[in-house]
Every structure is written in C-alpha cells, then in structure tokens.
>>> print(open('input_27.txt').read())   # compact mmCIF, C-alpha atoms
# COMPACT_ATOMS: atom_id res chain seq x y z
CA MET A 1 104.80 127.31 57.07
CA LEU A 2 101.11 127.00 57.91
CA TYR A 3 100.29 127.37 61.62
CA GLU A 4 97.12 127.26 63.68
CA LEU A 5 96.95 129.27 66.88
CA ILE A 6 94.27 128.59 69.48
CA GLY A 7 94.04 131.20 72.22
CA ILE A 8 92.03 131.56 75.40
CA VAL A 9 91.43 135.09 76.66
CA ARG A 10 89.86 136.04 79.99
CA PRO A 11 86.09 136.31 79.46
CA GLY A 12 83.84 139.30 79.91
CA ASN A 13 85.09 141.81 77.34
CA LEU A 14 84.92 141.05 73.62
CA ALA A 15 87.00 144.17 72.88
CA GLU A 16 89.99 142.53 74.61
CA VAL A 17 89.71 139.49 72.34
CA LYS A 18 89.50 141.71 69.25
CA GLU A 19 92.52 143.74 70.37
CA ILE A 20 94.65 140.63 70.98
CA VAL A 21 93.71 139.12 67.60
CA LEU A 22 94.35 142.46 65.88
CA THR A 23 97.78 142.81 67.49
CA ALA A 24 98.78 139.25 66.58
CA GLY A 25 97.46 139.72 63.04
CA GLN A 26 99.36 142.97 62.57
CA LEU A 27 102.56 141.32 63.77
CA ILE A 28 102.09 138.51 61.23
CA LEU A 29 101.31 140.90 58.38
CA GLN A 30 104.21 143.26 59.20
CA GLN A 31 106.63 140.36 58.84
CA LYS A 32 105.18 139.35 55.45
CA GLY A 33 102.92 136.55 56.68
CA VAL A 34 99.41 135.71 55.46
CA ILE A 35 96.35 135.18 57.66
CA ARG A 36 94.22 132.33 56.31
CA GLY A 37 91.32 132.49 58.75
CA ILE A 38 90.12 133.68 62.14
CA SER A 39 87.32 132.05 64.13
CA ASN A 40 85.62 133.34 67.26
CA TRP A 41 84.54 130.27 69.25
CA GLY A 42 82.99 132.16 72.17
CA VAL A 43 83.07 131.59 75.93
CA PHE A 44 83.43 128.06 77.31
CA LEU A 45 84.37 126.49 80.62
CA LEU A 46 88.03 125.54 80.93
CA PRO A 47 88.80 121.81 81.39
CA LYS A 48 90.10 122.66 84.85
CA ALA A 49 90.50 125.85 86.84
CA THR A 50 93.69 127.65 85.85
CA SER A 51 95.73 130.28 87.71
CA VAL A 52 97.47 132.80 85.46
CA HIS A 53 98.89 136.21 86.41
CA GLN A 54 97.70 135.81 90.02
CA MET A 55 94.07 135.26 88.90
CA ARG A 56 92.03 132.06 88.94
CA HIS A 57 89.97 131.36 85.80
CA HIS A 58 87.12 128.87 85.34
CA SER A 59 86.03 129.95 81.84
CA GLY A 60 87.65 131.63 78.87
CA HIS A 61 86.92 133.17 75.48
CA TYR A 62 88.34 130.91 72.75
CA PHE A 63 89.55 131.95 69.30
CA ALA A 64 91.46 130.27 66.48
CA MET A 65 93.74 131.83 63.88
CA ARG A 66 95.30 130.05 60.91
CA PHE A 67 98.25 131.77 59.26
CA ASP A 68 101.29 131.30 57.01
CA SER A 69 104.54 132.77 58.32
CA SER A 70 108.18 132.12 58.99
CA VAL A 71 109.34 130.30 62.12
CA GLN A 72 110.68 133.58 63.56
CA THR A 73 107.31 135.29 63.11
CA GLN A 74 105.50 132.40 64.78
CA GLN A 75 107.89 132.61 67.73
CA ALA A 76 107.36 136.38 67.95
CA VAL A 77 103.58 135.87 68.08
CA ARG A 78 103.96 133.26 70.82
CA ASN A 79 106.25 135.55 72.85
CA MET A 80 103.82 138.47 72.47
CA LEU A 81 100.88 136.35 73.66
CA ALA A 82 102.87 134.92 76.58
CA LEU A 83 103.56 138.42 77.89
CA ASP A 84 99.95 139.64 77.60
CA PRO A 85 98.21 139.50 81.01
CA ARG A 86 94.77 139.12 79.36
CA MET A 87 95.71 135.75 77.87
CA ILE A 88 94.89 132.63 79.87
CA ARG A 89 96.52 130.12 77.55
CA HIS A 90 97.57 129.70 73.93
CA ALA A 91 98.92 126.92 71.74
CA SER A 92 100.14 126.85 68.16
CA VAL A 93 100.79 123.89 65.91
CA LYS A 94 102.33 123.52 62.47
CA LEU A 95 99.88 122.09 59.96
CA GLY A 96 100.95 119.88 57.09
CA ASP A 97 104.41 119.01 55.90
CA GLY A 98 105.13 122.26 54.04
CA LYS A 99 104.15 120.94 50.60
CA LEU A 100 101.54 122.88 48.63
CA GLY A 101 99.43 119.81 47.82
CA THR A 102 99.03 118.90 51.47
CA MET A 103 98.45 122.43 52.71
CA SER A 104 95.75 123.18 50.11
CA ARG A 105 93.46 120.59 51.76
CA PHE A 106 93.22 122.60 55.00
CA GLY A 107 90.16 124.85 55.05
CA ALA A 108 89.13 127.53 57.51
CA PRO A 109 89.31 126.64 61.21
CA GLU A 110 85.97 125.22 62.38
CA TRP A 111 84.40 124.41 65.71
CA SER A 112 82.02 121.46 65.76
CA GLY A 113 81.12 121.58 69.48
>>> encode(input="input_27.txt", output="structure tokens")
Amino acid sequence: MLYELIGIVRPGNLAEVKEIVLTAGQLILQQKGVIRGISNWGVFLLPKATSVHQMRHHSGHYFAMRFDSSVQTQQAVRNMLALDPRMIRHASVKLGDGKLGTMSRFGAPEWSG
C-alpha cells in the first residue's frame, strides 16, 4: 500500500528532524518497504498552540514522506513516532486504491505554500 506521512518535529535542530526521518526510513526498509519520496517543508507556525510531552509549541518543523509498505509496517512507524518525545504531531494516510494504474499517477510530495 502507498502511504504518505506528514510529521511535525519541534523546531530548532535540523539534526533531530534528520534522525527521526532516518529512523522511520530504516524501519520501513528493514520490513521490505520502499520509500518513494521525502520532502523537507521547513519551519512554520502551527494552526494553534499545542501541548505535547509537557511542552507548549507554537511552531514546528514539517516533513513529508511517501512510502510503500504493509499495514503492519505502517502501524510500526506510527507507534515509533508516537513514542518519540521530539515529535509534536504526525498523520499518515493511504493514497490510492491499491491498483497500479491509480498509484502511478502520484508523484513526489510537494508543498505549494
């Protein structure tokens, strides 16, 4: 299945973002998944102030990752991100209906803002 993961990491240290993306990518690849694209969107204000792990955040570093994997791998990635105290928020969605013709139309994740 093709998934897109959008994550928001606490801002201030690009190395933290790279480490989180690297860890998630390694987890996907170890379980025989394929990473289709990674985009660094940069630091933006959050829609509203968010409290996570006893810290209040007003901005976050956004990234997007598009990958093919099994449902179990996608759940493992979500669980790993949920336990990481550097993450502010993350969301993943399944793209397409699982048919090759539909999934081939999706390109790399883009940010038009």
>>> closest_residue(input="input_27.txt", among="A:Ser70, A:Gln75, A:Ser39, A:Gln54", to="Ile6 in chain A", atoms="only C-alpha atoms")
A:Ser39
>>> atom_distance(input="input_27.txt", atom1="CA of Leu14 in chain A", atom2="CA of Phe44 in chain A")
13.6 Å
>>> atom_distance(input="input_27.txt", atom1="CA of His53 in chain A", atom2="CA of Arg78 in chain A")
16.7 Å
>>> residues_around(input="input_27.txt", residues="Ser51 in chain A", least_positions_apart="6", cutoff="10 Å", atoms="all atoms listed in the file", output="MDAnalysis selection string")
chainID A and resid 57:58 88
>>> atom_distance(input="input_27.txt", atom1="CA of Met65 in chain A", atom2="CA of Pro47 in chain A")
20.8 Å
>>> closest_residue(input="input_27.txt", among="A:Ala15, A:Met87, A:Val52, A:Leu5", to="Ile38 in chain A", atoms="all atoms listed in the file")
A:Leu5
>>> residues_around(input="input_27.txt", residues="Leu27 in chain A", least_positions_apart="6", cutoff="12 Å", atoms="only C-alpha atoms", output="PyMOL selection string")
chain A and resi 20-21+33-35+67+69-70+72-81
>>> residues_around(input="input_27.txt", residues="His61 in chain A", least_positions_apart="3", cutoff="6 Å", atoms="all atoms listed in the file", output="VMD selection string")
chain A and resid 8 to 9 11 42 to 43
>>> closest_residue(input="input_27.txt", among="A:Ala64, A:Met1, A:Leu46, A:Ala24", to="Asp84 in chain A", atoms="all atoms listed in the file")
A:Ala24
